Amino acid sequence: MNKNNASALFTFLFLTVACCSGCSTRSHPADFYLLSPQPMPQLAARDESIGVFPVRVPDYLDRPQIVTRTGENSLDLNEFHRWAEPLRVNITSILVKNLSHLLQTDRIINASRNHGLPVRFQVDVDVLRFDGVLGGEVILSGRWGIFSDDGEEISVLRSFYFQEQTHSETYTDFVAAMSRTIAELSRVIAEELERIL
């Protein structure tokens with residue numbers, strides 16, 4: 001093999017390895033998701049202002065990755081299926097939207113963004129579990145309460161547990177099922193607000 005052929009072969013092999021290396025290290029682009037408000041029958045219209053405290057979630061959910069169950073004591077944090085914003089922020093936003101629709105008012109507000117607007121009651125939600133199995137069930141559980149405007153007097157304090165079946169093993173369907181559990185929680189809270197207002 002002459003010198004020119006050896007140089008050409010070396011160049012070809014180098015470029016081939018570089019191209020293959022580039023292909024193998026290129027990461028798959030991540031998909032991003034948001035919970036969505038759900039269509040629900042409206043209750044009686046209300047004029048009172050109601051604040052919704054920022055929802056609390058456990059540490060295992062307070063991350064960009066969508067968390068699914070792979071077993072009773074095992075979880076999967078998928079790097080390529082992520083929340084478009086912090087889950088606690090998204091849940092709070094959807095609760096405000098759902099309650100506004102159910103109670104037919106634009107006076108349901110995110111308490112963290114309230115700039116001095118007086119409210120009659122404040123809603124507090126503490127999520128303890130919000131996960132499930134792809135192609136299986138999504139579970140939402142925790143506690144919720146309704147407090148007086150000063151946040152001291154408890155009007156209602158209850159636990160909740162909702163399940164929704166997914167219809168496929170896709171993350172799109174998984175997040176849709178999660179949205180339906182938030183809708184159920186919203187409905188229960190709205191019914192109690194309607195009762196005490």
# chains A, B, ... in the order shown; residues from 1 in each chain; ligands from 1

$ residues_around --residues "stretch 127-142 of chain A" --least-positions-apart "2" --cutoff "8 Å" --atoms "only C-alpha atoms" --output "mmCIF file with N, CA and C atoms, in the first residue's frame"
data_model
loop_
_atom_site.group_PDB
_atom_site.id
_atom_site.type_symbol
_atom_site.label_atom_id
_atom_site.label_comp_id
_atom_site.auth_asym_id
_atom_site.auth_seq_id
_atom_site.Cartn_x
_atom_site.Cartn_y
_atom_site.Cartn_z
ATOM 1 N N VAL A 55 -49.944 24.627 46.076
ATOM 2 C CA VAL A 55 -50.053 23.207 46.430
ATOM 3 C C VAL A 55 -48.679 22.672 46.822
ATOM 4 N N ARG A 56 -48.650 21.847 47.856
ATOM 5 C CA ARG A 56 -47.409 21.192 48.269
ATOM 6 C C ARG A 56 -47.381 19.768 47.713
ATOM 7 N N VAL A 57 -46.206 19.350 47.246
ATOM 8 C CA VAL A 57 -46.021 17.981 46.757
ATOM 9 C C VAL A 57 -44.830 17.366 47.483
ATOM 10 N N PRO A 58 -44.779 16.040 47.611
ATOM 11 C CA PRO A 58 -43.620 15.416 48.269
ATOM 12 C C PRO A 58 -42.354 15.598 47.430
ATOM 13 N N LEU A 61 -41.696 14.021 43.970
ATOM 14 C CA LEU A 61 -42.391 14.573 42.805
ATOM 15 C C LEU A 61 -41.882 15.957 42.419
ATOM 16 N N VAL A 67 -42.759 11.113 37.095
ATOM 17 C CA VAL A 67 -42.480 9.928 37.921
ATOM 18 C C VAL A 67 -43.584 8.899 37.705
ATOM 19 N N THR A 68 -43.193 7.667 37.385
ATOM 20 C CA THR A 68 -44.147 6.565 37.276
ATOM 21 C C THR A 68 -43.703 5.431 38.192
ATOM 22 N N ARG A 69 -44.647 4.552 38.506
ATOM 23 C CA ARG A 69 -44.360 3.383 39.345
ATOM 24 C C ARG A 69 -43.933 2.208 38.461
ATOM 25 N N THR A 70 -42.893 1.516 38.907
ATOM 26 C CA THR A 70 -42.491 0.269 38.245
ATOM 27 C C THR A 70 -42.692 -0.925 39.175
ATOM 28 N N VAL A 125 -54.060 22.605 49.799
ATOM 29 C CA VAL A 125 -53.958 21.214 49.329
ATOM 30 C C VAL A 125 -52.543 20.707 49.570
ATOM 31 N N TRP A 144 -56.849 18.075 52.002
ATOM 32 C CA TRP A 144 -57.219 19.435 51.615
ATOM 33 C C TRP A 144 -58.032 20.069 52.720
ATOM 34 N N SER A 159 -59.266 14.232 53.919
ATOM 35 C CA SER A 159 -58.331 13.468 53.092
ATOM 36 C C SER A 159 -58.977 13.203 51.737
ATOM 37 N N PHE A 160 -58.152 12.934 50.741
ATOM 38 C CA PHE A 160 -58.689 12.548 49.441
ATOM 39 C C PHE A 160 -57.859 11.427 48.831
ATOM 40 N N TYR A 161 -58.534 10.655 47.985
ATOM 41 C CA TYR A 161 -57.892 9.546 47.269
ATOM 42 C C TYR A 161 -58.677 9.326 45.983
ATOM 43 N N PHE A 162 -58.031 9.584 44.845
ATOM 44 C CA PHE A 162 -58.694 9.416 43.558
ATOM 45 C C PHE A 162 -57.851 8.518 42.662
ATOM 46 N N GLN A 163 -58.532 7.704 41.877
ATOM 47 C CA GLN A 163 -57.881 6.822 40.916
ATOM 48 C C GLN A 163 -58.466 7.066 39.530
ATOM 49 N N GLU A 164 -57.622 7.032 38.536
ATOM 50 C CA GLU A 164 -58.062 7.140 37.141
ATOM 51 C C GLU A 164 -57.295 6.118 36.307
ATOM 52 N N GLN A 165 -58.021 5.403 35.467
ATOM 53 C CA GLN A 165 -57.398 4.425 34.584
ATOM 54 C C GLN A 165 -56.846 5.112 33.339
ATOM 55 N N THR A 166 -55.607 4.776 32.985
ATOM 56 C CA THR A 166 -55.067 5.254 31.717
ATOM 57 C C THR A 166 -55.574 4.329 30.604
ATOM 58 N N HIS A 167 -55.510 4.812 29.368
ATOM 59 C CA HIS A 167 -56.039 4.028 28.253
ATOM 60 C C HIS A 167 -54.949 3.487 27.337
ATOM 61 N N SER A 168 -53.716 3.847 27.629
ATOM 62 C CA SER A 168 -52.585 3.335 26.855
ATOM 63 C C SER A 168 -51.326 3.512 27.694
ATOM 64 N N GLU A 169 -50.207 3.082 27.157
ATOM 65 C CA GLU A 169 -48.942 3.202 27.888
ATOM 66 C C GLU A 169 -48.150 4.449 27.498
ATOM 67 N N THR A 170 -48.824 5.432 26.905
ATOM 68 C CA THR A 170 -48.135 6.664 26.525
ATOM 69 C C THR A 170 -48.132 7.669 27.673
ATOM 70 N N TYR A 171 -47.155 8.543 27.668
ATOM 71 C CA TYR A 171 -47.109 9.594 28.675
ATOM 72 C C TYR A 171 -48.210 10.624 28.461
ATOM 73 N N PHE A 174 -51.071 9.190 30.183
ATOM 74 C CA PHE A 174 -50.788 9.193 31.617
ATOM 75 C C PHE A 174 -51.082 10.571 32.216
ATOM 76 N N ALA A 177 -54.799 11.309 32.367
ATOM 77 C CA ALA A 177 -55.426 10.661 33.527
ATOM 78 C C ALA A 177 -55.120 11.439 34.801
ATOM 79 N N MET A 178 -53.909 11.975 34.922
ATOM 80 C CA MET A 178 -53.566 12.801 36.073
ATOM 81 C C MET A 178 -54.460 14.044 36.115
ATOM 82 N N THR A 181 -57.801 13.288 37.622
ATOM 83 C CA THR A 181 -57.825 13.181 39.087
ATOM 84 C C THR A 181 -57.867 14.568 39.724
ATOM 85 N N ILE A 182 -57.158 15.533 39.135
ATOM 86 C CA ILE A 182 -57.214 16.907 39.644
ATOM 87 C C ILE A 182 -58.622 17.466 39.465
#

$ residues_around --residues "stretch 81-91 of chain A" --least-positions-apart "5" --cutoff "6 Å" --atoms "only C-alpha atoms" --output "VMD selection string"
chain A and resid 30 to 33 55 64 to 66

$ closest_residue --among "A:Glu72, A:Leu103, A:Asp47, A:Phe80" --to "A:His28" --atoms "only C-alpha atoms"
A:Phe80

$ select_by_dssp --residues "chain A" --states "strand (DSSP E or B)" --output "NGL selection string"
:A and (31-33 or 50-52 or 56 or 65-71 or 74-83 or 108-110 or 121-132 or 137-148 or 154-165)

$ select_by_dssp --residues "stretch 6-188 of chain A" --states "alpha helix (DSSP H)" --output "PyMOL selection string"
chain A and resi 6-25+87-102+171-188

$ closest_residue --among "A:Val175, A:Leu102, A:Ile154, A:Ile109" --to "A:Ile189" --atoms "only C-alpha atoms"
A:Leu102

$ atom_distance --atom1 "atom CA of A:Ala111" --atom2 "atom CA of A:Ile50"
8.5 Å

$ closest_residue --among "A:Leu77, A:Val119, A:Leu35, A:Ile146" --to "A:Ala190" --atoms "only C-alpha atoms"
A:Ile146

$ closest_residue --among "A:Pro54, A:Asn78, A:Val156, A:Arg180" --to "A:Arg113" --atoms "only C-alpha atoms"
A:Pro54

$ residues_around --residues "A:Arg46" --least-positions-apart "2" --cutoff "12 Å" --atoms "only C-alpha atoms" --output "number ranges by chain"
A: 42-44, 48-50, 99-108, 120, 190-191, 193-197

$ atom_distance --atom1 "atom CA of A:Ser186" --atom2 "atom CA of A:Asn98"
6.1 Å
